file coords30.csv (CSV, C-alpha atoms)
chain,number,residue,atom,x,y,z
A,88,MET,CA,-28.2,32.4,-34.7
A,89,ASN,CA,-24.9,34.1,-35.2
A,90,VAL,CA,-24.9,35.2,-31.5
A,91,LYS,CA,-25.5,31.6,-30.5
A,92,LYS,CA,-22.7,30.3,-32.6
A,93,THR,CA,-20.4,33.0,-31.3
A,94,MET,CA,-21.2,32.0,-27.7
A,95,LEU,CA,-20.7,28.3,-28.4
A,96,ALA,CA,-17.3,29.0,-30.0
A,97,ALA,CA,-16.3,31.1,-27.0
A,98,VAL,CA,-17.2,28.4,-24.6
A,99,ALA,CA,-15.3,25.8,-26.6
A,100,PHE,CA,-12.3,28.0,-26.8
A,101,ALA,CA,-12.3,28.7,-23.0
A,102,THR,CA,-12.7,25.0,-22.2
A,103,VAL,CA,-9.7,24.0,-24.5
A,104,ALA,CA,-7.6,26.9,-23.1
A,105,SER,CA,-8.3,26.0,-19.4
A,106,THR,CA,-7.7,22.3,-20.0
A,107,SER,CA,-4.4,23.0,-21.7
A,108,PHE,CA,-3.3,25.4,-18.9
A,109,ALA,CA,-4.1,22.7,-16.2
A,110,ALA,CA,-2.2,20.0,-18.1
A,111,ASN,CA,0.8,22.3,-18.5
A,112,THR,CA,1.0,23.4,-14.9
A,113,ASN,CA,0.2,20.0,-13.3
A,114,PRO,CA,1.9,16.9,-14.8
A,115,ASP,CA,-0.5,14.7,-12.9
A,116,LEU,CA,-3.3,16.1,-15.2
A,117,GLN,CA,-1.7,15.2,-18.5
A,118,ALA,CA,-4.0,13.6,-21.0
A,119,VAL,CA,-4.2,9.8,-20.9
A,120,GLY,CA,-1.7,8.3,-23.3
A,121,GLU,CA,0.5,11.4,-23.4
A,122,LYS,CA,4.1,10.5,-22.9
A,123,GLU,CA,6.1,12.3,-20.3
A,124,GLU,CA,9.8,12.8,-20.8
A,125,VAL,CA,11.7,10.5,-18.5
A,126,SER,CA,15.4,9.9,-17.7
A,127,THR,CA,16.7,6.4,-18.3
A,128,ASP,CA,20.3,7.3,-17.6
A,129,PRO,CA,21.5,5.2,-14.6
A,130,SER,CA,24.0,7.9,-13.6
A,131,GLU,CA,21.0,10.2,-12.8
A,132,GLY,CA,19.8,7.7,-10.2
A,133,HIS,CA,16.5,6.5,-11.6
A,134,TYR,CA,14.0,7.3,-14.3
A,135,LYS,CA,10.9,9.3,-13.5
A,136,ALA,CA,7.8,7.2,-14.1
A,137,PRO,CA,4.8,9.0,-15.8
A,138,ALA,CA,1.7,9.9,-13.9
A,139,SER,CA,-0.7,7.1,-12.9
A,140,TYR,CA,-4.2,6.8,-14.5
A,141,GLY,CA,-5.9,6.0,-11.2
A,142,TRP,CA,-5.9,3.3,-8.6
A,143,SER,CA,-7.4,-0.1,-8.0
A,144,ALA,CA,-7.7,-2.3,-4.9
A,145,LEU,CA,-7.4,-5.6,-6.9
A,146,ALA,CA,-5.6,-6.7,-10.1
A,147,LEU,CA,-5.8,-10.2,-11.4
A,148,GLY,CA,-4.5,-11.7,-14.6
A,149,LEU,CA,-2.0,-13.9,-16.5
A,150,ALA,CA,0.7,-11.3,-17.1
A,151,THR,CA,0.6,-7.5,-17.3
A,152,PRO,CA,-1.1,-6.0,-19.3
A,153,VAL,CA,-3.3,-9.1,-19.8
A,154,GLN,CA,-5.2,-8.6,-16.6
A,155,LEU,CA,-8.1,-6.7,-15.0
A,156,PRO,CA,-8.2,-3.7,-14.8
A,157,TRP,CA,-6.8,-3.6,-18.3
A,158,GLY,CA,-3.5,-1.7,-18.7
A,159,ILE,CA,-2.8,-2.0,-15.0
A,160,GLU,CA,0.8,-1.1,-15.6
A,161,LYS,CA,-0.4,2.5,-15.6
A,162,TRP,CA,-2.4,2.3,-12.4
A,163,ASP,CA,-1.6,2.4,-8.7
A,164,ILE,CA,-2.6,-0.8,-6.7
A,165,PHE,CA,-3.7,-0.4,-3.1
A,166,GLY,CA,-4.4,-4.0,-2.1
A,167,LEU,CA,-3.6,-7.2,-4.1
A,168,ASP,CA,-1.9,-7.6,-7.4
A,169,LEU,CA,-1.9,-11.2,-8.5
A,170,ASN,CA,-0.5,-12.5,-11.8
A,171,LEU,CA,0.6,-15.9,-12.9
A,172,GLY,CA,3.5,-14.6,-15.0
A,173,TYR,CA,4.4,-10.9,-14.5
A,174,SER,CA,3.0,-8.1,-12.4
A,175,ASP,CA,3.7,-4.4,-13.3
A,176,SER,CA,2.2,-1.5,-11.5
A,177,MET,CA,2.9,2.1,-10.6
A,178,LYS,CA,2.6,2.6,-6.8
A,179,MET,CA,2.2,-0.7,-5.0
A,180,TYR,CA,0.7,-0.7,-1.5
A,181,GLY,CA,-0.1,-4.2,-0.4
A,182,TRP,CA,0.8,-7.6,-1.8
A,183,GLU,CA,2.3,-8.0,-5.3
A,184,PHE,CA,2.6,-11.6,-6.3
A,185,ALA,CA,3.7,-13.4,-9.5
A,186,PHE,CA,5.3,-16.7,-10.3
A,187,GLY,CA,7.6,-14.9,-12.7
A,188,ALA,CA,8.5,-11.3,-11.8
A,189,ASN,CA,7.2,-8.1,-10.1
A,190,THR,CA,7.8,-4.5,-10.9
A,191,ALA,CA,6.7,-1.4,-8.9
A,192,ARG,CA,7.6,1.7,-11.0
A,193,LYS,CA,7.0,4.0,-8.1
A,194,CYS,CA,7.0,3.6,-4.3
A,195,PHE,CA,6.4,0.1,-2.9
A,196,ILE,CA,5.0,-0.6,0.6
A,197,GLY,CA,4.1,-4.1,1.7
A,198,LEU,CA,5.0,-7.5,0.4
A,199,GLN,CA,6.6,-8.3,-3.0
A,200,THR,CA,7.0,-12.0,-3.8
A,201,ALA,CA,8.1,-13.7,-7.0
A,202,ALA,CA,9.9,-16.8,-8.1
A,203,ALA,CA,12.4,-15.0,-10.3
A,204,PHE,CA,12.6,-11.2,-9.9
A,205,ASN,CA,11.4,-8.3,-7.8
A,206,PHE,CA,12.1,-4.6,-8.8
A,207,SER,CA,11.0,-1.4,-7.2
A,208,ASN,CA,12.2,1.9,-8.8
A,209,GLU,CA,11.6,4.3,-5.9
A,210,ASP,CA,11.6,3.9,-2.1
A,211,ALA,CA,10.4,0.5,-0.8
A,212,TYR,CA,9.1,-0.5,2.6
A,213,GLY,CA,8.5,-4.1,3.7
A,214,LEU,CA,9.5,-7.5,2.5
A,215,ALA,CA,10.9,-8.5,-0.9
A,216,LEU,CA,11.3,-12.3,-1.6
A,217,SER,CA,12.6,-13.8,-4.8
A,218,LEU,CA,15.7,-15.2,-6.5
A,219,PHE,CA,16.8,-11.7,-7.4
A,220,ASN,CA,15.7,-8.4,-5.7
A,221,MET,CA,16.6,-5.0,-7.0
A,222,ASN,CA,15.7,-1.5,-5.7
A,223,ASN,CA,16.8,1.7,-7.3
A,224,GLN,CA,16.5,4.1,-4.4
A,225,GLU,CA,16.1,3.3,-0.7
A,226,PHE,CA,14.9,0.0,0.7
A,227,TYR,CA,13.6,-0.2,4.3
A,228,GLY,CA,12.8,-3.7,5.6
A,229,LEU,CA,13.8,-7.3,4.8
A,230,SER,CA,15.2,-8.4,1.4
A,231,VAL,CA,15.5,-12.2,0.9
A,232,ASP,CA,17.0,-13.6,-2.3
A,233,ALA,CA,19.8,-15.5,-4.0
A,234,ILE,CA,21.3,-12.3,-5.4
A,235,GLY,CA,20.5,-8.8,-4.4
A,236,PHE,CA,21.3,-5.4,-6.0
A,237,ASN,CA,20.2,-2.2,-4.2
A,238,ARG,CA,21.2,1.4,-4.0
A,239,ASN,CA,20.6,1.9,-0.2
A,240,VAL,CA,19.4,-0.6,2.4
A,241,TYR,CA,18.1,0.2,5.9
A,242,GLY,CA,17.3,-3.1,7.6
A,243,MET,CA,18.4,-6.6,6.6
A,244,GLU,CA,19.6,-8.3,3.5
A,245,ALA,CA,19.7,-12.2,3.5
A,246,ASN,CA,21.3,-13.5,0.3
A,247,LEU,CA,22.0,-17.1,-0.6
A,248,ILE,CA,24.8,-16.1,-3.0
A,249,GLY,CA,25.7,-12.5,-2.6
A,250,ALA,CA,24.7,-8.8,-2.5
A,251,MET,CA,25.8,-5.6,-4.2
A,252,THR,CA,24.7,-2.3,-2.5
A,253,ASP,CA,25.7,0.8,-4.4
A,254,ARG,CA,25.8,3.3,-1.6
A,255,THR,CA,24.8,2.5,2.0
A,256,VAL,CA,23.8,-0.4,4.2
A,257,ALA,CA,22.6,0.3,7.7
A,258,GLY,CA,21.7,-2.9,9.5
A,259,LEU,CA,22.6,-6.5,8.7
A,260,GLN,CA,23.9,-7.8,5.4
A,261,ILE,CA,24.5,-11.6,5.2
A,262,SER,CA,25.4,-13.7,2.2
A,263,GLY,CA,26.6,-17.2,1.4
A,264,LEU,CA,29.4,-16.0,-0.9
A,265,ALA,CA,30.2,-12.3,-0.7
A,266,ASN,CA,28.9,-8.8,0.2
A,267,VAL,CA,29.9,-5.6,-1.6
A,268,VAL,CA,29.0,-2.1,-0.4
A,269,GLY,CA,30.2,0.8,-2.6
A,270,GLY,CA,29.8,3.4,0.2
A,271,ASP,CA,29.2,3.2,3.9
A,272,MET,CA,28.4,0.0,5.9
A,273,TYR,CA,26.8,0.6,9.3
A,274,GLY,CA,26.2,-2.5,11.4
A,275,VAL,CA,27.2,-6.1,10.5
A,276,GLN,CA,28.4,-7.5,7.2
A,277,ALA,CA,28.7,-11.3,7.3
A,278,ALA,CA,29.6,-13.8,4.6
A,279,LEU,CA,31.1,-17.3,4.3
A,280,GLY,CA,33.4,-16.0,1.5
A,281,ALA,CA,34.3,-12.3,1.6
A,282,ASN,CA,33.1,-8.8,2.6
A,283,PHE,CA,34.0,-5.5,0.8
A,284,ALA,CA,33.0,-2.0,1.9
A,285,ARG,CA,34.3,1.4,1.1
A,286,ARG,CA,33.9,2.5,4.7
A,287,ALA,CA,33.1,-0.1,7.4
A,288,HIS,CA,31.4,1.3,10.6
A,289,GLY,CA,30.8,-1.8,12.7
A,290,LEU,CA,31.7,-5.5,12.2
A,291,GLN,CA,32.9,-7.3,9.1
A,292,LEU,CA,32.7,-11.0,9.7
A,293,ALA,CA,33.9,-13.5,7.0
A,294,LEU,CA,35.3,-17.0,6.9
A,295,ILE,CA,38.0,-16.0,4.4
A,296,TYR,CA,38.5,-12.3,3.6
A,297,ASN,CA,37.4,-8.8,4.7
A,298,GLN,CA,38.4,-5.5,3.0
A,299,THR,CA,37.6,-1.8,3.6
A,300,ASP,CA,39.2,1.5,2.7
A,301,LEU,CA,38.5,2.9,6.1
A,302,LEU,CA,37.8,0.9,9.2
A,303,TRP,CA,35.8,2.1,12.2
A,304,GLY,CA,35.1,-1.1,14.1
A,305,CYS,CA,36.2,-4.7,13.8
A,306,GLN,CA,37.2,-7.1,11.1
A,307,LEU,CA,37.1,-10.8,11.9
A,308,GLY,CA,38.3,-13.3,9.3
A,309,LEU,CA,41.1,-15.4,8.0
A,310,VAL,CA,42.6,-12.5,6.2
A,311,ASN,CA,41.7,-8.8,7.0
A,312,MET,CA,42.6,-5.8,5.0
A,313,ALA,CA,42.1,-2.1,5.8
A,314,PHE,CA,43.9,0.7,4.0
A,315,ALA,CA,43.2,3.1,6.9
A,316,CYS,CA,41.9,2.6,10.4
A,317,ASP,CA,40.8,5.6,12.5
A,318,SER,CA,39.4,3.5,15.3
A,319,GLY,CA,39.2,-0.3,15.4
A,320,PHE,CA,41.0,-3.6,15.3
A,321,GLN,CA,41.4,-6.9,13.3
A,322,ILE,CA,41.4,-10.5,14.4
A,323,GLY,CA,42.6,-13.2,12.0
A,324,LEU,CA,45.6,-15.1,10.7
A,325,VAL,CA,46.7,-12.2,8.5
A,326,ASN,CA,45.8,-8.6,9.5
A,327,VAL,CA,46.9,-5.6,7.5
A,328,ILE,CA,46.3,-1.9,8.2
A,329,MET,CA,48.3,0.0,5.5
A,330,ASP,CA,48.5,3.4,7.3
A,331,ASN,CA,49.7,1.8,10.6
A,332,GLN,CA,53.2,2.1,12.0
A,333,ILE,CA,53.2,-1.7,11.9
A,334,PRO,CA,51.1,-2.6,8.8
A,335,PHE,CA,51.1,-6.4,9.3
A,336,LEU,CA,50.4,-8.4,12.4
A,337,PRO,CA,49.1,-11.9,12.9
A,338,ILE,CA,46.3,-12.8,15.2
A,339,VAL,CA,45.4,-9.2,16.3
A,340,ASN,CA,46.1,-5.9,14.8
A,341,GLY,CA,44.9,-2.4,15.7
A,342,TYR,CA,45.6,1.2,15.0
A,343,PHE,CA,48.8,2.6,16.5

call {"tool": "encode", "arguments": {"input": "coords30.csv", "output": "structure tokens"}}
result
Amino acid sequence: MNVKKTMLAAVAFATVASTSFAANTNPDLQAVGEKEEVSTDPSEGHYKAPASYGWSALALGLATPVQLPWGIEKWDIFGLDLNLGYSDSMKMYGWEFAFGANTARKCFIGLQTAAAFNFSNEDAYGLALSLFNMNNQEFYGLSVDAIGFNRNVYGMEANLIGAMTDRTVAGLQISGLANVVGGDMYGVQAALGANFARRAHGLQLALIYNQTDLLWGCQLGLVNMAFACDSGFQIGLVNVIMDNQIPFLPIVNGYF
């Protein structure tokens, strides 16, 4: 009997030890419900979402987590996520739809549609359609909204009011009021009001005002402002290139 008890104890100890080792060496094998340390500091780029519980091809409900499968905010969806109010998933590959808002805590690929708000925390590929779209890493595709806030956009942004892109836009950014790019703009930036970019590589087209720190391309608007111009020109009523031999010229100005 003692030998049997000793063997059972040894097996139990070995099982616990091996499980603990696997959980410590592979974060994806952490116990369900165990919290992973994450960074919520915006200066660090984005927070790291904890590991998913599993995946489902279909999620239906009123608002996450009141939906099936239960607790779907911890699951990956490869298919359809349909909620009347709010949808929240980890990875989202397919169509995420809600009358209120959508969230993809990890990578999003496909179609994200909501009346109020779409958010994807990591890279996104596809179409996002709502009043307000936000992506925290790199967005590849088409973003249609009233107001957009993204870190990097490769494709097209169509905004009824305006857009703020933190780092890079490569493609077309078009807004009713204003566009702002905190880093490099490659392609076309168009607005009825104004365009702002740290460095403009391409065309800034605005009815009223264009501004860039460094211009490689063309500014076309009523008033155009460039603090430096390595290669390019301006067309408008007021054209200013601050580092030029002749900083101000009406109608047409270029680097001399």

call {"tool": "atom_distance", "arguments": {"input": "coords30.csv", "atom1": "CA of Gln298 (chain A)", "atom2": "CA of Met221 (chain A)"}}
result
24.0 Å

call {"tool": "atom_distance", "arguments": {"input": "coords30.csv", "atom1": "CA of Leu292 (chain A)", "atom2": "CA of Pro334 (chain A)"}}
result
20.2 Å

call {"tool": "atom_distance", "arguments": {"input": "coords30.csv", "atom1": "CA of Ala191 (chain A)", "atom2": "CA of Trp162 (chain A)"}}
result
10.4 Å

call {"tool": "closest_residue", "arguments": {"input": "coords30.csv", "among": "A:Leu309, A:Phe335, A:Thr299, A:Phe226", "to": "Gly323 (chain A)", "atoms": "all atoms listed in the file"}}
result
A:Leu309

call {"tool": "residues_around", "arguments": {"input": "coords30.csv", "residues": "Gln291 (chain A)", "least_positions_apart": "5", "cutoff": "8 Å", "atoms": "all atoms listed in the file", "output": "MDAnalysis selection string"}}
result
chainID A and resid 275:277 282 297 305:307

call {"tool": "write_last_selection", "arguments": {"input": "coords30.csv", "atoms": "C-alpha atoms", "output": "PDB file, in the frame of the given file"}}
result
ATOM      1  CA  VAL A 275      27.200  -6.100  10.500  1.00  0.00           C
ATOM      2  CA  GLN A 276      28.400  -7.500   7.200  1.00  0.00           C
ATOM      3  CA  ALA A 277      28.700 -11.300   7.300  1.00  0.00           C
ATOM      4  CA  ASN A 282      33.100  -8.800   2.600  1.00  0.00           C
ATOM      5  CA  ASN A 297      37.400  -8.800   4.700  1.00  0.00           C
ATOM      6  CA  CYS A 305      36.200  -4.700  13.800  1.00  0.00           C
ATOM      7  CA  GLN A 306      37.200  -7.100  11.100  1.00  0.00           C
ATOM      8  CA  LEU A 307      37.100 -10.800  11.900  1.00  0.00           C
TER       9      LEU A 307
END

call {"tool": "closest_residue", "arguments": {"input": "coords30.csv", "among": "A:Cys316, A:Ile295, A:Ile322, A:Leu290", "to": "Met272 (chain A)", "atoms": "all atoms listed in the file"}}
result
A:Leu290

call {"tool": "residues_around", "arguments": {"input": "coords30.csv", "residues": "Thr190 (chain A)", "least_positions_apart": "5", "cutoff": "8 Å", "atoms": "only C-alpha atoms", "output": "VMD selection string"}}
result
chain A and resid 174 to 176 205 to 207

call {"tool": "write_last_selection", "arguments": {"input": "coords30.csv", "atoms": "C-alpha atoms", "output": "CSV table (one decimal), in the frame of the given file"}}
result
chain,number,residue,atom,x,y,z
A,174,SER,CA,3.0,-8.1,-12.4
A,175,ASP,CA,3.7,-4.4,-13.3
A,176,SER,CA,2.2,-1.5,-11.5
A,205,ASN,CA,11.4,-8.3,-7.8
A,206,PHE,CA,12.1,-4.6,-8.8
A,207,SER,CA,11.0,-1.4,-7.2

call {"tool": "residues_around", "arguments": {"input": "coords30.csv", "residues": "Ala278 (chain A)", "least_positions_apart": "3", "cutoff": "9 Å", "atoms": "all atoms listed in the file", "output": "PDB file with C-alpha atoms, in the coordinates of the input"}}
result
ATOM      1  CA  GLY A 249      25.700 -12.500  -2.600  1.00  0.00           C
ATOM      2  CA  GLN A 260      23.900  -7.800   5.400  1.00  0.00           C
ATOM      3  CA  ILE A 261      24.500 -11.600   5.200  1.00  0.00           C
ATOM      4  CA  SER A 262      25.400 -13.700   2.200  1.00  0.00           C
ATOM      5  CA  GLY A 263      26.600 -17.200   1.400  1.00  0.00           C
ATOM      6  CA  LEU A 264      29.400 -16.000  -0.900  1.00  0.00           C
ATOM      7  CA  ALA A 265      30.200 -12.300  -0.700  1.00  0.00           C
ATOM      8  CA  ASN A 266      28.900  -8.800   0.200  1.00  0.00           C
ATOM      9  CA  ALA A 281      34.300 -12.300   1.600  1.00  0.00           C
ATOM     10  CA  ASN A 282      33.100  -8.800   2.600  1.00  0.00           C
ATOM     11  CA  GLN A 291      32.900  -7.300   9.100  1.00  0.00           C
ATOM     12  CA  LEU A 292      32.700 -11.000   9.700  1.00  0.00           C
ATOM     13  CA  ALA A 293      33.900 -13.500   7.000  1.00  0.00           C
ATOM     14  CA  LEU A 294      35.300 -17.000   6.900  1.00  0.00           C
ATOM     15  CA  ILE A 295      38.000 -16.000   4.400  1.00  0.00           C
TER      16      ILE A 295
END

call {"tool": "closest_residue", "arguments": {"input": "coords30.csv", "among": "A:Thr252, A:Asn189, A:Asn246, A:Asn239", "to": "Tyr227 (chain A)", "atoms": "all atoms listed in the file"}}
result
A:Asn239

call {"tool": "closest_residue", "arguments": {"input": "coords30.csv", "among": "A:Ala188, A:Met329, A:Val310, A:Ala144", "to": "Tyr173 (chain A)", "atoms": "all atoms listed in the file"}}
result
A:Ala188

call {"tool": "residues_around", "arguments": {"input": "coords30.csv", "residues": "Ala313 (chain A)", "least_positions_apart": "4", "cutoff": "10 Å", "atoms": "only C-alpha atoms", "output": "PDB file with C-alpha atoms, keeping the file's coordinate frame"}}
result
ATOM      1  CA  ALA A 284      33.000  -2.000   1.900  1.00  0.00           C
ATOM      2  CA  ARG A 285      34.300   1.400   1.100  1.00  0.00           C
ATOM      3  CA  ARG A 286      33.900   2.500   4.700  1.00  0.00           C
ATOM      4  CA  ALA A 287      33.100  -0.100   7.400  1.00  0.00           C
ATOM      5  CA  ASN A 297      37.400  -8.800   4.700  1.00  0.00           C
ATOM      6  CA  GLN A 298      38.400  -5.500   3.000  1.00  0.00           C
ATOM      7  CA  THR A 299      37.600  -1.800   3.600  1.00  0.00           C
ATOM      8  CA  ASP A 300      39.200   1.500   2.700  1.00  0.00           C
ATOM      9  CA  LEU A 301      38.500   2.900   6.100  1.00  0.00           C
ATOM     10  CA  LEU A 302      37.800   0.900   9.200  1.00  0.00           C
ATOM     11  CA  TRP A 303      35.800   2.100  12.200  1.00  0.00           C
ATOM     12  CA  GLN A 306      37.200  -7.100  11.100  1.00  0.00           C
ATOM     13  CA  PHE A 320      41.000  -3.600  15.300  1.00  0.00           C
ATOM     14  CA  GLN A 321      41.400  -6.900  13.300  1.00  0.00           C
ATOM     15  CA  ASN A 326      45.800  -8.600   9.500  1.00  0.00           C
ATOM     16  CA  VAL A 327      46.900  -5.600   7.500  1.00  0.00           C
ATOM     17  CA  ILE A 328      46.300  -1.900   8.200  1.00  0.00           C
ATOM     18  CA  MET A 329      48.300   0.000   5.500  1.00  0.00           C
ATOM     19  CA  ASP A 330      48.500   3.400   7.300  1.00  0.00           C
ATOM     20  CA  ASN A 331      49.700   1.800  10.600  1.00  0.00           C
ATOM     21  CA  PRO A 334      51.100  -2.600   8.800  1.00  0.00           C
TER      22      PRO A 334
END

call {"tool": "residues_around", "arguments": {"input": "coords30.csv", "residues": "region 230-235 of chain A", "least_positions_apart": "2", "cutoff": "8 Å", "atoms": "all atoms listed in the file", "output": "list in words"}}
result
Leu214, Ala215, Leu216, Ser217, Leu218, Phe219, Asn220, Met221, Gly228, Asn237, Met243, Glu244, Ala245, Asn246, Leu247, Ile248, Gly249, Ala250, Met251 and Thr252 of chain A

call {"tool": "closest_residue", "arguments": {"input": "coords30.csv", "among": "A:Ala211, A:Leu145, A:Ala203, A:Leu279", "to": "Gly172 (chain A)", "atoms": "all atoms listed in the file"}}
result
A:Ala203
